[in-house]
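Okay, model-v7.pdb is below, PDB, C-alpha atoms:
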```
ATOM      1  CA  MET A 166       8.784 -28.398 -24.962  1.00  0.00           C
ATOM      2  CA  ARG A 167       5.344 -28.305 -23.364  1.00  0.00           C
ATOM      3  CA  ALA A 168       3.850 -26.075 -20.726  1.00  0.00           C
ATOM      4  CA  ARG A 169       1.019 -27.044 -18.437  1.00  0.00           C
ATOM      5  CA  ILE A 170      -1.118 -24.514 -16.599  1.00  0.00           C
ATOM      6  CA  GLN A 171      -1.930 -25.798 -13.148  1.00  0.00           C
ATOM      7  CA  MET A 172      -3.588 -22.771 -11.618  1.00  0.00           C
ATOM      8  CA  VAL A 173      -5.053 -19.481 -12.839  1.00  0.00           C
ATOM      9  CA  GLU A 174      -6.018 -16.522 -10.685  1.00  0.00           C
ATOM     10  CA  PRO A 175      -6.807 -12.848 -11.318  1.00  0.00           C
ATOM     11  CA  LEU A 176      -3.785 -10.558 -11.416  1.00  0.00           C
ATOM     12  CA  ASP A 177      -5.128  -8.406  -8.560  1.00  0.00           C
ATOM     13  CA  GLN A 178      -5.280 -11.432  -6.252  1.00  0.00           C
ATOM     14  CA  ALA A 179      -1.761 -12.501  -7.151  1.00  0.00           C
ATOM     15  CA  ALA A 180      -0.428  -8.974  -6.561  1.00  0.00           C
ATOM     16  CA  ALA A 181      -2.227  -8.743  -3.218  1.00  0.00           C
ATOM     17  CA  LYS A 182      -0.461 -11.899  -2.050  1.00  0.00           C
ATOM     18  CA  LEU A 183       2.930 -10.362  -2.794  1.00  0.00           C
ATOM     19  CA  ALA A 184       2.313  -6.969  -1.210  1.00  0.00           C
ATOM     20  CA  LYS A 185       3.001  -6.988   2.515  1.00  0.00           C
ATOM     21  CA  GLY A 186       2.483  -3.293   2.997  1.00  0.00           C
ATOM     22  CA  LEU A 187       2.475   0.185   1.512  1.00  0.00           C
ATOM     23  CA  ARG A 188       4.800   3.178   1.729  1.00  0.00           C
ATOM     24  CA  VAL A 189       3.033   6.433   0.918  1.00  0.00           C
ATOM     25  CA  PHE A 190       5.325   9.320  -0.076  1.00  0.00           C
ATOM     26  CA  LEU A 191       4.080  12.829   0.775  1.00  0.00           C
ATOM     27  CA  ARG A 192       5.552  16.322   0.378  1.00  0.00           C
ATOM     28  CA  ASP A 193       3.648  17.622   3.426  1.00  0.00           C
ATOM     29  CA  GLN A 194       0.994  16.527   5.909  1.00  0.00           C
ATOM     30  CA  ALA A 195      -1.992  17.959   3.977  1.00  0.00           C
ATOM     31  CA  PRO A 196      -3.125  14.688   2.272  1.00  0.00           C
ATOM     32  CA  ILE A 197      -2.807  12.495   5.399  1.00  0.00           C
ATOM     33  CA  GLU A 198      -6.490  12.799   6.327  1.00  0.00           C
ATOM     34  CA  SER A 199      -7.637  11.888   2.790  1.00  0.00           C
ATOM     35  CA  VAL A 200      -5.261   8.911   2.706  1.00  0.00           C
ATOM     36  CA  ALA A 201      -6.510   7.736   6.119  1.00  0.00           C
ATOM     37  CA  LYS A 202     -10.088   7.667   4.780  1.00  0.00           C
ATOM     38  CA  ARG A 203      -9.000   5.257   2.034  1.00  0.00           C
ATOM     39  CA  LEU A 204      -7.367   2.865   4.471  1.00  0.00           C
ATOM     40  CA  GLU A 205      -9.940   0.457   5.812  1.00  0.00           C
ATOM     41  CA  GLY A 206      -8.976   0.670   9.469  1.00  0.00           C
ATOM     42  CA  PRO A 207      -6.929  -1.927  11.303  1.00  0.00           C
ATOM     43  CA  ALA A 208      -7.712  -5.231   9.588  1.00  0.00           C
ATOM     44  CA  ARG A 209      -8.604  -8.554  11.096  1.00  0.00           C
ATOM     45  CA  ALA A 210      -6.231 -11.459  10.584  1.00  0.00           C
ATOM     46  CA  THR A 211      -6.441 -12.166   6.841  1.00  0.00           C
ATOM     47  CA  ASN A 212      -3.889 -12.712   4.090  1.00  0.00           C
ATOM     48  CA  ASP A 213      -4.294  -9.206   2.678  1.00  0.00           C
ATOM     49  CA  ASN A 214      -3.156  -7.403   5.840  1.00  0.00           C
ATOM     50  CA  GLY A 215      -0.072  -5.260   5.724  1.00  0.00           C
ATOM     51  CA  GLU A 216       1.841  -2.441   7.323  1.00  0.00           C
ATOM     52  CA  VAL A 217       1.378   1.127   6.135  1.00  0.00           C
ATOM     53  CA  ALA A 218       4.021   3.828   6.442  1.00  0.00           C
ATOM     54  CA  PHE A 219       3.990   7.510   5.534  1.00  0.00           C
ATOM     55  CA  VAL A 220       7.230   8.971   4.198  1.00  0.00           C
ATOM     56  CA  LEU A 221       7.354  12.766   4.485  1.00  0.00           C
ATOM     57  CA  MET A 222       9.757  14.272   1.970  1.00  0.00           C
ATOM     58  CA  LEU A 223      11.099  17.351   3.741  1.00  0.00           C
ATOM     59  CA  GLY A 224      13.437  18.518   0.985  1.00  0.00           C
ATOM     60  CA  GLU A 225      17.174  18.400   0.375  1.00  0.00           C
ATOM     61  CA  GLY A 226      17.154  14.595   0.576  1.00  0.00           C
ATOM     62  CA  THR A 227      15.622  14.522   4.064  1.00  0.00           C
ATOM     63  CA  GLU A 228      12.812  12.038   4.645  1.00  0.00           C
ATOM     64  CA  VAL A 229      10.935  11.001   7.767  1.00  0.00           C
ATOM     65  CA  GLU A 230       9.151   7.640   7.798  1.00  0.00           C
ATOM     66  CA  VAL A 231       6.271   7.057  10.204  1.00  0.00           C
ATOM     67  CA  ARG A 232       4.891   3.528  10.417  1.00  0.00           C
ATOM     68  CA  LEU A 233       1.231   3.316  11.445  1.00  0.00           C
ATOM     69  CA  PRO A 234       0.422   1.012  14.357  1.00  0.00           C
ATOM     70  CA  GLY A 235      -1.482  -2.157  13.493  1.00  0.00           C
ATOM     71  CA  ARG A 236      -2.101  -3.778  10.132  1.00  0.00           C
ATOM     72  CA  PHE A 237      -4.387  -2.602   7.362  1.00  0.00           C
ATOM     73  CA  LYS A 238      -6.049  -4.139   4.339  1.00  0.00           C
ATOM     74  CA  VAL A 239      -3.572  -3.765   1.456  1.00  0.00           C
ATOM     75  CA  SER A 240      -4.540  -4.283  -2.177  1.00  0.00           C
ATOM     76  CA  PRO A 241      -3.721  -2.824  -5.596  1.00  0.00           C
ATOM     77  CA  GLN A 242      -7.116  -1.077  -5.585  1.00  0.00           C
ATOM     78  CA  ILE A 243      -6.389   0.649  -2.273  1.00  0.00           C
ATOM     79  CA  ALA A 244      -2.902   1.638  -3.476  1.00  0.00           C
ATOM     80  CA  GLY A 245      -4.453   3.110  -6.641  1.00  0.00           C
ATOM     81  CA  ALA A 246      -7.023   5.066  -4.636  1.00  0.00           C
ATOM     82  CA  ILE A 247      -4.272   6.486  -2.422  1.00  0.00           C
ATOM     83  CA  LYS A 248      -2.159   7.449  -5.479  1.00  0.00           C
ATOM     84  CA  ALA A 249      -5.106   9.517  -6.746  1.00  0.00           C
ATOM     85  CA  VAL A 250      -5.142  11.718  -3.625  1.00  0.00           C
ATOM     86  CA  PRO A 251      -3.799  15.209  -4.381  1.00  0.00           C
ATOM     87  CA  GLY A 252      -0.481  15.694  -2.593  1.00  0.00           C
ATOM     88  CA  VAL A 253       0.566  12.039  -2.706  1.00  0.00           C
ATOM     89  CA  VAL A 254       3.851  11.789  -4.593  1.00  0.00           C
ATOM     90  CA  ALA A 255       4.057   7.993  -4.876  1.00  0.00           C
ATOM     91  CA  VAL A 256       2.789   4.743  -3.374  1.00  0.00           C
ATOM     92  CA  GLU A 257       5.147   1.791  -3.137  1.00  0.00           C
ATOM     93  CA  ALA A 258       4.202  -1.821  -2.388  1.00  0.00           C
ATOM     94  CA  VAL A 259       6.647  -3.405   0.030  1.00  0.00           C
TER      95      VAL A 259
END
```

Hey, can you dump this file as structure tokens for me?
Amino acid sequence: MRARIQMVEPLDQAAAKLAKGLRVFLRDQAPIESVAKRLEGPARATNDNGEVAFVLMLGEGTEVEVRLPGRFKVSPQIAGAIKAVPGVVAVEAV
């Protein structure tokens, strides 16, 4: 059996192609402003655009999801920066 490599690309670029958006899980509204600073505003029409949604975890299994209007630049680096914000529980690529 033989394998032939036809194309090689950095892992970050391959992951960015798969991610169509982000879901950011929060326990309260405190980190929203810090997360908004890490989002690079509504993006122009490029392949790395995606939807962003905040999921507020209100306790006892109750969640409220708010989808932001427009599309934003979505990448593994941006997801990592958002995960580092105090108060962010999780970031999920969708």

Report task. Starting from the shown file, work through the PyMOL selection byres ((chain A and resi 232) around 9) and note down what comes out as a VMD selection string. Result -> chain A and resid 188 216 to 220 230 to 231 233 to 234

Query raised in the report: Written as a VMD selection string, what is the full residue list that the PyMOL selection byres ((chain A and resi 195-207) around 10) yields on the file shown?
Result: chain A and resid 189 191 to 194 208 to 210 214 to 217 219 233 to 239 243 to 244 246 to 253

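CA of Glu257 (chain A) lies 8.4 Å from CA of Gly186 (chain A).
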
Requested in this report: Could you check which of A:Val259, A:Met166, A:Val173, A:Leu221 is closest to Ser240 (chain A), using all atoms listed in the file?
Outcome: A:Val259

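Put simply, CA of Val229 (chain A) is 14.3 Å away from CA of Val254 (chain A).
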
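For the residues A:Gly245, A:Phe190, A:Gly224, A:Lys185, ranking by smallest atom-to-atom distance to Ala258 (chain A) using all atoms listed in the file places A:Lys185 first.
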
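Checking A:Pro241, A:Leu223, A:Gln171, A:Leu176 one by one against Val256 (chain A), counting all atoms listed in the file, you find the shortest gap at A:Pro241.
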
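Using all atoms listed in the file, the nearest neighbour of Gln242 (chain A) within the list A:Leu187, A:Glu228, A:Arg169, A:Glu174 is A:Leu187.
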
Any chance you could build region 219-252 of chain A out to N, CA and C atoms and write it as a PDB file, in the coordinates of the input?
```pdb
ATOM      1  N   PHE A 219       3.946   6.232   6.237  1.00  0.00           N
ATOM      2  CA  PHE A 219       3.990   7.510   5.534  1.00  0.00           C
ATOM      3  C   PHE A 219       5.440   7.961   5.493  1.00  0.00           C
ATOM      4  N   VAL A 220       5.887   8.421   4.337  1.00  0.00           N
ATOM      5  CA  VAL A 220       7.230   8.971   4.198  1.00  0.00           C
ATOM      6  C   VAL A 220       7.071  10.433   3.815  1.00  0.00           C
ATOM      7  N   LEU A 221       7.416  11.338   4.752  1.00  0.00           N
ATOM      8  CA  LEU A 221       7.354  12.766   4.485  1.00  0.00           C
ATOM      9  C   LEU A 221       8.664  13.210   3.870  1.00  0.00           C
ATOM     10  N   MET A 222       8.575  13.794   2.686  1.00  0.00           N
ATOM     11  CA  MET A 222       9.757  14.272   1.970  1.00  0.00           C
ATOM     12  C   MET A 222       9.939  15.745   2.339  1.00  0.00           C
ATOM     13  N   LEU A 223      10.922  16.019   3.192  1.00  0.00           N
ATOM     14  CA  LEU A 223      11.099  17.351   3.741  1.00  0.00           C
ATOM     15  C   LEU A 223      12.003  18.248   2.903  1.00  0.00           C
ATOM     16  N   GLY A 224      12.569  17.726   1.850  1.00  0.00           N
ATOM     17  CA  GLY A 224      13.437  18.518   0.985  1.00  0.00           C
ATOM     18  C   GLY A 224      14.902  18.256   1.265  1.00  0.00           C
ATOM     19  N   GLU A 225      15.731  18.580   0.283  1.00  0.00           N
ATOM     20  CA  GLU A 225      17.174  18.400   0.375  1.00  0.00           C
ATOM     21  C   GLU A 225      17.565  16.972   0.776  1.00  0.00           C
ATOM     22  N   GLY A 226      16.826  15.991   0.302  1.00  0.00           N
ATOM     23  CA  GLY A 226      17.154  14.595   0.576  1.00  0.00           C
ATOM     24  C   GLY A 226      16.767  14.110   1.958  1.00  0.00           C
ATOM     25  N   THR A 227      16.037  14.915   2.713  1.00  0.00           N
ATOM     26  CA  THR A 227      15.622  14.522   4.064  1.00  0.00           C
ATOM     27  C   THR A 227      14.233  13.915   4.020  1.00  0.00           C
ATOM     28  N   GLU A 228      14.103  12.724   4.573  1.00  0.00           N
ATOM     29  CA  GLU A 228      12.812  12.038   4.645  1.00  0.00           C
ATOM     30  C   GLU A 228      12.588  11.547   6.061  1.00  0.00           C
ATOM     31  N   VAL A 229      11.319  11.546   6.470  1.00  0.00           N
ATOM     32  CA  VAL A 229      10.935  11.001   7.767  1.00  0.00           C
ATOM     33  C   VAL A 229       9.875   9.945   7.506  1.00  0.00           C
ATOM     34  N   GLU A 230      10.106   8.726   7.990  1.00  0.00           N
ATOM     35  CA  GLU A 230       9.151   7.640   7.798  1.00  0.00           C
ATOM     36  C   GLU A 230       8.428   7.357   9.108  1.00  0.00           C
ATOM     37  N   VAL A 231       7.100   7.338   9.038  1.00  0.00           N
ATOM     38  CA  VAL A 231       6.271   7.057  10.204  1.00  0.00           C
ATOM     39  C   VAL A 231       5.432   5.831   9.879  1.00  0.00           C
ATOM     40  N   ARG A 232       5.641   4.764  10.626  1.00  0.00           N
ATOM     41  CA  ARG A 232       4.891   3.528  10.417  1.00  0.00           C
ATOM     42  C   ARG A 232       3.644   3.564  11.297  1.00  0.00           C
ATOM     43  N   LEU A 233       2.481   3.310  10.690  1.00  0.00           N
ATOM     44  CA  LEU A 233       1.231   3.316  11.445  1.00  0.00           C
ATOM     45  C   LEU A 233       1.137   2.066  12.317  1.00  0.00           C
ATOM     46  N   PRO A 234       0.584   2.199  13.503  1.00  0.00           N
ATOM     47  CA  PRO A 234       0.422   1.012  14.357  1.00  0.00           C
ATOM     48  C   PRO A 234      -0.663   0.095  13.792  1.00  0.00           C
ATOM     49  N   GLY A 235      -0.499  -1.184  13.971  1.00  0.00           N
ATOM     50  CA  GLY A 235      -1.482  -2.157  13.493  1.00  0.00           C
ATOM     51  C   GLY A 235      -1.254  -2.526  12.041  1.00  0.00           C
ATOM     52  N   ARG A 236      -2.175  -3.326  11.515  1.00  0.00           N
ATOM     53  CA  ARG A 236      -2.101  -3.778  10.132  1.00  0.00           C
ATOM     54  C   ARG A 236      -3.389  -3.367   9.435  1.00  0.00           C
ATOM     55  N   PHE A 237      -3.272  -3.093   8.142  1.00  0.00           N
ATOM     56  CA  PHE A 237      -4.387  -2.602   7.362  1.00  0.00           C
ATOM     57  C   PHE A 237      -4.577  -3.464   6.122  1.00  0.00           C
ATOM     58  N   LYS A 238      -5.787  -3.429   5.577  1.00  0.00           N
ATOM     59  CA  LYS A 238      -6.049  -4.139   4.339  1.00  0.00           C
ATOM     60  C   LYS A 238      -5.234  -3.474   3.236  1.00  0.00           C
ATOM     61  N   VAL A 239      -4.445  -4.263   2.517  1.00  0.00           N
ATOM     62  CA  VAL A 239      -3.572  -3.765   1.456  1.00  0.00           C
ATOM     63  C   VAL A 239      -3.936  -4.479   0.164  1.00  0.00           C
ATOM     64  N   SER A 240      -4.223  -3.700  -0.873  1.00  0.00           N
ATOM     65  CA  SER A 240      -4.540  -4.283  -2.177  1.00  0.00           C
ATOM     66  C   SER A 240      -4.141  -3.293  -3.261  1.00  0.00           C
ATOM     67  N   PRO A 241      -4.034  -3.749  -4.494  1.00  0.00           N
ATOM     68  CA  PRO A 241      -3.721  -2.824  -5.596  1.00  0.00           C
ATOM     69  C   PRO A 241      -4.787  -1.738  -5.762  1.00  0.00           C
ATOM     70  N   GLN A 242      -6.050  -2.068  -5.472  1.00  0.00           N
ATOM     71  CA  GLN A 242      -7.116  -1.077  -5.585  1.00  0.00           C
ATOM     72  C   GLN A 242      -6.942   0.031  -4.550  1.00  0.00           C
ATOM     73  N   ILE A 243      -6.595  -0.347  -3.327  1.00  0.00           N
ATOM     74  CA  ILE A 243      -6.389   0.649  -2.273  1.00  0.00           C
ATOM     75  C   ILE A 243      -5.174   1.505  -2.604  1.00  0.00           C
ATOM     76  N   ALA A 244      -4.095   0.889  -3.085  1.00  0.00           N
ATOM     77  CA  ALA A 244      -2.902   1.638  -3.476  1.00  0.00           C
ATOM     78  C   ALA A 244      -3.243   2.639  -4.588  1.00  0.00           C
ATOM     79  N   GLY A 245      -4.045   2.220  -5.554  1.00  0.00           N
ATOM     80  CA  GLY A 245      -4.453   3.110  -6.641  1.00  0.00           C
ATOM     81  C   GLY A 245      -5.294   4.279  -6.147  1.00  0.00           C
ATOM     82  N   ALA A 246      -6.189   3.998  -5.200  1.00  0.00           N
ATOM     83  CA  ALA A 246      -7.023   5.066  -4.636  1.00  0.00           C
ATOM     84  C   ALA A 246      -6.170   6.074  -3.871  1.00  0.00           C
ATOM     85  N   ILE A 247      -5.159   5.587  -3.170  1.00  0.00           N
ATOM     86  CA  ILE A 247      -4.272   6.486  -2.422  1.00  0.00           C
ATOM     87  C   ILE A 247      -3.423   7.319  -3.379  1.00  0.00           C
ATOM     88  N   LYS A 248      -2.954   6.711  -4.481  1.00  0.00           N
ATOM     89  CA  LYS A 248      -2.159   7.449  -5.479  1.00  0.00           C
ATOM     90  C   LYS A 248      -2.937   8.615  -6.062  1.00  0.00           C
ATOM     91  N   ALA A 249      -4.263   8.483  -6.142  1.00  0.00           N
ATOM     92  CA  ALA A 249      -5.106   9.517  -6.746  1.00  0.00           C
ATOM     93  C   ALA A 249      -5.322  10.719  -5.831  1.00  0.00           C
ATOM     94  N   VAL A 250      -4.943  10.618  -4.568  1.00  0.00           N
ATOM     95  CA  VAL A 250      -5.142  11.718  -3.625  1.00  0.00           C
ATOM     96  C   VAL A 250      -4.179  12.851  -3.968  1.00  0.00           C
ATOM     97  N   PRO A 251      -4.694  14.081  -4.116  1.00  0.00           N
ATOM     98  CA  PRO A 251      -3.799  15.209  -4.381  1.00  0.00           C
ATOM     99  C   PRO A 251      -2.789  15.376  -3.241  1.00  0.00           C
ATOM    100  N   GLY A 252      -1.538  15.532  -3.598  1.00  0.00           N
ATOM    101  CA  GLY A 252      -0.481  15.694  -2.593  1.00  0.00           C
ATOM    102  C   GLY A 252       0.310  14.438  -2.346  1.00  0.00           C
TER     103      GLY A 252
END
```
